[in-house]
Structure formats: structure tokens, C-alpha cells
Amino acid sequence: MKYLVTGGAGFIGSNLTNMLIRHNHEIIVIDDLSMGKLENIDDLTKIKFFKGSITDNYLMEDILTKYQFDYVFHLAAVASVADSVERPVETHEVNYNAVLNILNLIREHQPGLKRFVFASSAAVYGDDPELPKKETSPIKPMTQYAIDKFAAERTTIVFNDLYHVPTSSVRFFNVYGPNQNPESPYSGVISILQDCYNRILSGEKIYFTLYGDGSQLRDFIYIEDVLQALMIVVETVDSLGQVFNVGTGKEADLQQIIEEFNNIYGFELPVKYQDKRAGDIHRSVADISNLKNIGFCPKNTISEGLYKFVECYKDK
């Protein structure tokens, strides 16, 4: 099969690309390397790589007219919520306008496409108190990032319904795993924590800053399970024109995460507590009934996922 992965050198994108490499698929990756890294990709000889932005309409038209794809995973985005607050217009160009342009190019030039999958986010739910979050829960986007993700998600589904471009969308919850840059402003708390432990092992005297009392609850999902979800969505007929939450349906608080890491590493992480940040959401968990109905079953508990995450870096 021939795959196009936008943002394929980033966190989720590189893990997806590496899995497709292992299965000997033909893969084209586009990434501007603003957040991704080429070293995240296991074997560059097994892919065709384009360095560029998805906002480059000439580049995207060239790729989508020159190659015929079976599947397109659209993961490229301005992924930092904080960045979207500082640069709302630039964020809109990447996170919405580019998506619309790509979908229209696919409509015109990709008659044999089997599926386009758009990566949305649980951020679309905002701070609405309804839990667990269902795909039909109220939408309360609180940043330009969330607004554009929801708008692009709906446009993706409209192209399925109006123009018969086969599409699906996924709303990622708190994904963690290898290749997530702990220095990124969007990096998840688990990657930041893991980096703290490794730096302490290297002899640095640092501490982790915890905002609030650590009772914040999140639906953390290991990258391995995210990849399972993506492949089920992309290959299942019943997912056409649908949106799916991608999480585990289970919650863990930050204190539990730190305790699990303490057990794995064999020492206690120094923690400095600070006041809860304004706007932080206390609890978020996904209802994944719809994803389970098409065959998804998360394989990793939080303990298993954290252990695998730490093991990934032992030989690096």
C-alpha cells in the first residue's frame, strides 16, 4: 500500500511511519521539521521525504498529482496550544486552511484513495463538565487551536458526505511515548516527567514543578494503542464519515503517574508544588465505546505503558 503521512517526523507521525516501514509499505512523508526530527524515523532509505510546509500549496499539489495514495494520515499541525494563542492567524493557516486545500486536492486528483484520516484533539471539548467525553458531548473550544481542530474535523466529514472523499477523524486524548520532545511547549506531562528522571540519573540536580496537588485526572494512552486505533479507523468501512475518541476510557492522576515512575526508576522524584494554573481542567476522560465497536481494545495499562516508555530509552 502507498501512504502519505503529513507531519511524519513528529511524535505520533514518526511512530506511525516507523510502524509502516516495519510492514514494508511505500511511504511518503512531508514535514517542515519545525517540531519533528529526521532522527525520529528509523530508516530514511525506506521512505520518500519532502521537507516543506503543508501550507505550501504548490508542494502539496505536486505531491497529490504526482503520486496516487491508498491512505493519507494528516498529522501535521501547529500542535502547541500556547503557540496558537500567540499566533492565531498563522495557526489558522496551518490547522485549517491547509487542511481544506489538501482535501480539495484529494477530491480532484486522488480518485483511488481508500481513506483520509484527520488528527483532531480532545481540546475541542474545552472545560465542559460532562464526563466521560462522548463524540456527541458539547463542544467548547477555548483556543484558536481547538477552534481550528474542530472546524477542520467537520470539513473532513463534509468532504466525505458531499464529495465522496472517504474520510474519518480522530480526537486524541493524552498520548505519550517515544519521540515526544520534552522541550516542546506542547509536550505531554509524561514526557516531561520521564525527561526529569533521566536528567537526574545523569547527575543533574533538578525537580519537577507540579501545579496543583497532583489530583488532576487524565486519560493517558500509550502510542502503541494509538497506532492500533489509527489502523482500525483507516481500514474499517464502518468508520467512514465518523469521528472517534482515541483514549483508554480510564483515568490516572498525576500523583499516580509519579509513583509509577518512582517504582520503575527506583528513586523518588523531587517535586515542587505550585498553585494550580488558571484554566487548567481538573478531569478529562474519553468514552471510547464507538471505537471499541469497530474493534479497538487498548492493550496497555498505565503501568505497562510507562514501563515500555522507559525501556525504549535504555539503549539510547
# chains A, B, ... in the order shown; residues from 1 in each chain; ligands from 1
>>> residues_around(residues="Lys308 in chain A", least_positions_apart="2", cutoff="12 Å", atoms="only C-alpha atoms", output="ChimeraX atom specification")
/A:176-178,194,222-224,261,264,299-306,310-314
>>> residues_around(residues="range 115-127 of chain A", least_positions_apart="2", cutoff="7 Å", atoms="only C-alpha atoms", output="PDB file with N, CA, C and O atoms, in the first residue's frame")
ATOM      1  N   ASP A  70      -3.079   5.172  -1.387  1.00  0.00           N
ATOM      2  CA  ASP A  70      -4.181   4.373  -0.832  1.00  0.00           C
ATOM      3  C   ASP A  70      -4.731   5.034   0.425  1.00  0.00           C
ATOM      4  O   ASP A  70      -5.943   5.069   0.634  1.00  0.00           O
ATOM      5  N   TYR A  71      -3.811   5.559   1.258  1.00  0.00           N
ATOM      6  CA  TYR A  71      -4.217   6.144   2.527  1.00  0.00           C
ATOM      7  C   TYR A  71      -3.426   7.422   2.808  1.00  0.00           C
ATOM      8  O   TYR A  71      -2.239   7.498   2.498  1.00  0.00           O
ATOM      9  N   VAL A  72      -4.103   8.392   3.400  1.00  0.00           N
ATOM     10  CA  VAL A  72      -3.458   9.632   3.829  1.00  0.00           C
ATOM     11  C   VAL A  72      -3.741   9.829   5.312  1.00  0.00           C
ATOM     12  O   VAL A  72      -4.909   9.848   5.730  1.00  0.00           O
ATOM     13  N   PHE A  73      -2.679   9.964   6.102  1.00  0.00           N
ATOM     14  CA  PHE A  73      -2.806  10.342   7.514  1.00  0.00           C
ATOM     15  C   PHE A  73      -2.361  11.792   7.642  1.00  0.00           C
ATOM     16  O   PHE A  73      -1.192  12.107   7.398  1.00  0.00           O
ATOM     17  N   HIS A  74      -3.281  12.649   8.049  1.00  0.00           N
ATOM     18  CA  HIS A  74      -2.938  14.068   8.174  1.00  0.00           C
ATOM     19  C   HIS A  74      -2.684  14.396   9.644  1.00  0.00           C
ATOM     20  O   HIS A  74      -3.606  14.618  10.434  1.00  0.00           O
ATOM     21  N   LEU A  75      -1.383  14.421   9.999  1.00  0.00           N
ATOM     22  CA  LEU A  75      -0.981  14.668  11.380  1.00  0.00           C
ATOM     23  C   LEU A  75      -0.260  15.992  11.557  1.00  0.00           C
ATOM     24  O   LEU A  75      -0.047  16.442  12.685  1.00  0.00           O
ATOM     25  N   LEU A 113      -8.257   6.902  -3.711  1.00  0.00           N
ATOM     26  CA  LEU A 113      -7.960   6.940  -2.280  1.00  0.00           C
ATOM     27  C   LEU A 113      -8.964   6.107  -1.487  1.00  0.00           C
ATOM     28  O   LEU A 113     -10.177   6.213  -1.682  1.00  0.00           O
ATOM     29  N   PRO A 129     -18.268  20.309  31.628  1.00  0.00           N
ATOM     30  CA  PRO A 129     -18.147  19.346  32.734  1.00  0.00           C
ATOM     31  C   PRO A 129     -18.650  17.938  32.430  1.00  0.00           C
ATOM     32  O   PRO A 129     -18.406  17.025  33.216  1.00  0.00           O
ATOM     33  N   PRO A 138     -20.995  18.216  24.350  1.00  0.00           N
ATOM     34  CA  PRO A 138     -20.890  19.620  23.944  1.00  0.00           C
ATOM     35  C   PRO A 138     -19.461  20.000  23.577  1.00  0.00           C
ATOM     36  O   PRO A 138     -18.503  19.535  24.183  1.00  0.00           O
ATOM     37  N   ILE A 139     -19.345  20.835  22.561  1.00  0.00           N
ATOM     38  CA  ILE A 139     -18.049  21.327  22.097  1.00  0.00           C
ATOM     39  C   ILE A 139     -17.863  22.747  22.616  1.00  0.00           C
ATOM     40  O   ILE A 139     -18.714  23.607  22.406  1.00  0.00           O
ATOM     41  N   LYS A 140     -16.738  22.983  23.315  1.00  0.00           N
ATOM     42  CA  LYS A 140     -16.458  24.316  23.860  1.00  0.00           C
ATOM     43  C   LYS A 140     -14.998  24.693  23.625  1.00  0.00           C
ATOM     44  O   LYS A 140     -14.218  24.791  24.570  1.00  0.00           O
ATOM     45  N   PRO A 141     -14.610  24.881  22.370  1.00  0.00           N
ATOM     46  CA  PRO A 141     -13.204  25.224  22.106  1.00  0.00           C
ATOM     47  C   PRO A 141     -12.819  26.527  22.779  1.00  0.00           C
ATOM     48  O   PRO A 141     -13.531  27.524  22.683  1.00  0.00           O
ATOM     49  N   MET A 142     -11.666  26.516  23.468  1.00  0.00           N
ATOM     50  CA  MET A 142     -11.250  27.669  24.274  1.00  0.00           C
ATOM     51  C   MET A 142     -10.029  28.381  23.709  1.00  0.00           C
ATOM     52  O   MET A 142      -9.582  29.380  24.273  1.00  0.00           O
ATOM     53  N   ALA A 146      -8.051  24.800  19.292  1.00  0.00           N
ATOM     54  CA  ALA A 146      -9.227  23.939  19.398  1.00  0.00           C
ATOM     55  C   ALA A 146     -10.290  24.310  18.368  1.00  0.00           C
ATOM     56  O   ALA A 146     -10.952  23.431  17.800  1.00  0.00           O
ATOM     57  N   ILE A 147     -10.451  25.611  18.122  1.00  0.00           N
ATOM     58  CA  ILE A 147     -11.417  26.063  17.110  1.00  0.00           C
ATOM     59  C   ILE A 147     -11.059  25.494  15.748  1.00  0.00           C
ATOM     60  O   ILE A 147     -11.913  24.951  15.029  1.00  0.00           O
ATOM     61  N   LYS A 149      -9.096  22.921  15.031  1.00  0.00           N
ATOM     62  CA  LYS A 149      -9.185  21.463  15.006  1.00  0.00           C
ATOM     63  C   LYS A 149     -10.629  21.021  14.765  1.00  0.00           C
ATOM     64  O   LYS A 149     -10.896  20.113  13.967  1.00  0.00           O
ATOM     65  N   PHE A 150     -11.565  21.666  15.446  1.00  0.00           N
ATOM     66  CA  PHE A 150     -12.968  21.279  15.275  1.00  0.00           C
ATOM     67  C   PHE A 150     -13.460  21.640  13.878  1.00  0.00           C
ATOM     68  O   PHE A 150     -14.151  20.853  13.224  1.00  0.00           O
ATOM     69  N   GLU A 153     -11.987  19.261  11.397  1.00  0.00           N
ATOM     70  CA  GLU A 153     -12.622  17.953  11.600  1.00  0.00           C
ATOM     71  C   GLU A 153     -13.974  17.900  10.887  1.00  0.00           C
ATOM     72  O   GLU A 153     -14.289  16.941  10.182  1.00  0.00           O
ATOM     73  N   PRO A 166     -13.366   9.637   0.874  1.00  0.00           N
ATOM     74  CA  PRO A 166     -13.501   8.767   2.057  1.00  0.00           C
ATOM     75  C   PRO A 166     -12.655   9.274   3.225  1.00  0.00           C
ATOM     76  O   PRO A 166     -11.429   9.239   3.166  1.00  0.00           O
ATOM     77  N   THR A 167     -13.309   9.758   4.256  1.00  0.00           N
ATOM     78  CA  THR A 167     -12.597  10.370   5.381  1.00  0.00           C
ATOM     79  C   THR A 167     -13.089   9.847   6.724  1.00  0.00           C
ATOM     80  O   THR A 167     -14.209   9.345   6.852  1.00  0.00           O
ATOM     81  N   SER A 168     -12.220  10.026   7.722  1.00  0.00           N
ATOM     82  CA  SER A 168     -12.552   9.801   9.136  1.00  0.00           C
ATOM     83  C   SER A 168     -11.728  10.786   9.950  1.00  0.00           C
ATOM     84  O   SER A 168     -10.705  11.297   9.477  1.00  0.00           O
ATOM     85  N   SER A 169     -12.161  11.043  11.186  1.00  0.00           N
ATOM     86  CA  SER A 169     -11.411  11.907  12.095  1.00  0.00           C
ATOM     87  C   SER A 169     -11.246  11.223  13.440  1.00  0.00           C
ATOM     88  O   SER A 169     -12.094  10.421  13.850  1.00  0.00           O
ATOM     89  N   VAL A 170     -10.150  11.554  14.115  1.00  0.00           N
ATOM     90  CA  VAL A 170      -9.897  11.005  15.450  1.00  0.00           C
ATOM     91  C   VAL A 170      -9.557  12.142  16.407  1.00  0.00           C
ATOM     92  O   VAL A 170      -8.860  13.087  16.027  1.00  0.00           O
ATOM     93  N   ARG A 171     -10.074  12.056  17.613  1.00  0.00           N
ATOM     94  CA  ARG A 171      -9.773  13.038  18.661  1.00  0.00           C
ATOM     95  C   ARG A 171      -8.836  12.385  19.674  1.00  0.00           C
ATOM     96  O   ARG A 171      -9.258  11.556  20.490  1.00  0.00           O
ATOM     97  N   PHE A 172      -7.561  12.777  19.616  1.00  0.00           N
ATOM     98  CA  PHE A 172      -6.577  12.219  20.532  1.00  0.00           C
ATOM     99  C   PHE A 172      -6.756  12.799  21.930  1.00  0.00           C
ATOM    100  O   PHE A 172      -6.925  14.005  22.095  1.00  0.00           O
ATOM    101  N   PHE A 173      -6.656  11.924  22.931  1.00  0.00           N
ATOM    102  CA  PHE A 173      -6.583  12.383  24.319  1.00  0.00           C
ATOM    103  C   PHE A 173      -5.089  12.508  24.671  1.00  0.00           C
ATOM    104  O   PHE A 173      -4.321  13.004  23.866  1.00  0.00           O
ATOM    105  N   VAL A 234      -8.618   3.505   9.791  1.00  0.00           N
ATOM    106  CA  VAL A 234      -8.309   3.693   8.369  1.00  0.00           C
ATOM    107  C   VAL A 234      -8.785   2.519   7.507  1.00  0.00           C
ATOM    108  O   VAL A 234      -9.046   2.689   6.313  1.00  0.00           O
ATOM    109  N   ILE A 281      -7.863  22.206  33.344  1.00  0.00           N
ATOM    110  CA  ILE A 281      -9.017  21.322  33.502  1.00  0.00           C
ATOM    111  C   ILE A 281      -8.655  20.230  34.500  1.00  0.00           C
ATOM    112  O   ILE A 281      -7.591  19.611  34.397  1.00  0.00           O
TER     113      ILE A 281
END
>>> residues_around(residues="Met1 in chain A", least_positions_apart="5", cutoff="12 Å", atoms="only C-alpha atoms", output="list in words")
Leu20, Ile21, His23, Asn24, His25, Glu26, Ile27, Ile28, Gln68, Phe69, Asp70, Tyr71, Val72, Gly112, Leu113, Lys114, Arg115 and Glu235 of chain A
>>> closest_residue(among="A:Val5, A:Asp42, A:Thr143, A:Tyr58", to="Asp83 in chain A", atoms="only C-alpha atoms")
A:Thr143
>>> select_by_dssp(residues="range 119-291 of chain A", states="alpha helix (DSSP H)", output="number ranges by chain")
A: 144-163, 189-201, 223-235, 254-265, 289-291
>>> residues_around(residues="Ile106 in chain A", least_positions_apart="3", cutoff="9 Å", atoms="only C-alpha atoms", output="PyMOL selection string")
chain A and resi 64-65+101-103+109-111+113+116+165
>>> select_by_dssp(residues="range 96-190 of chain A", states="strand (DSSP E)", output="ChimeraX atom specification")
/A:115-121,167-172,174-176
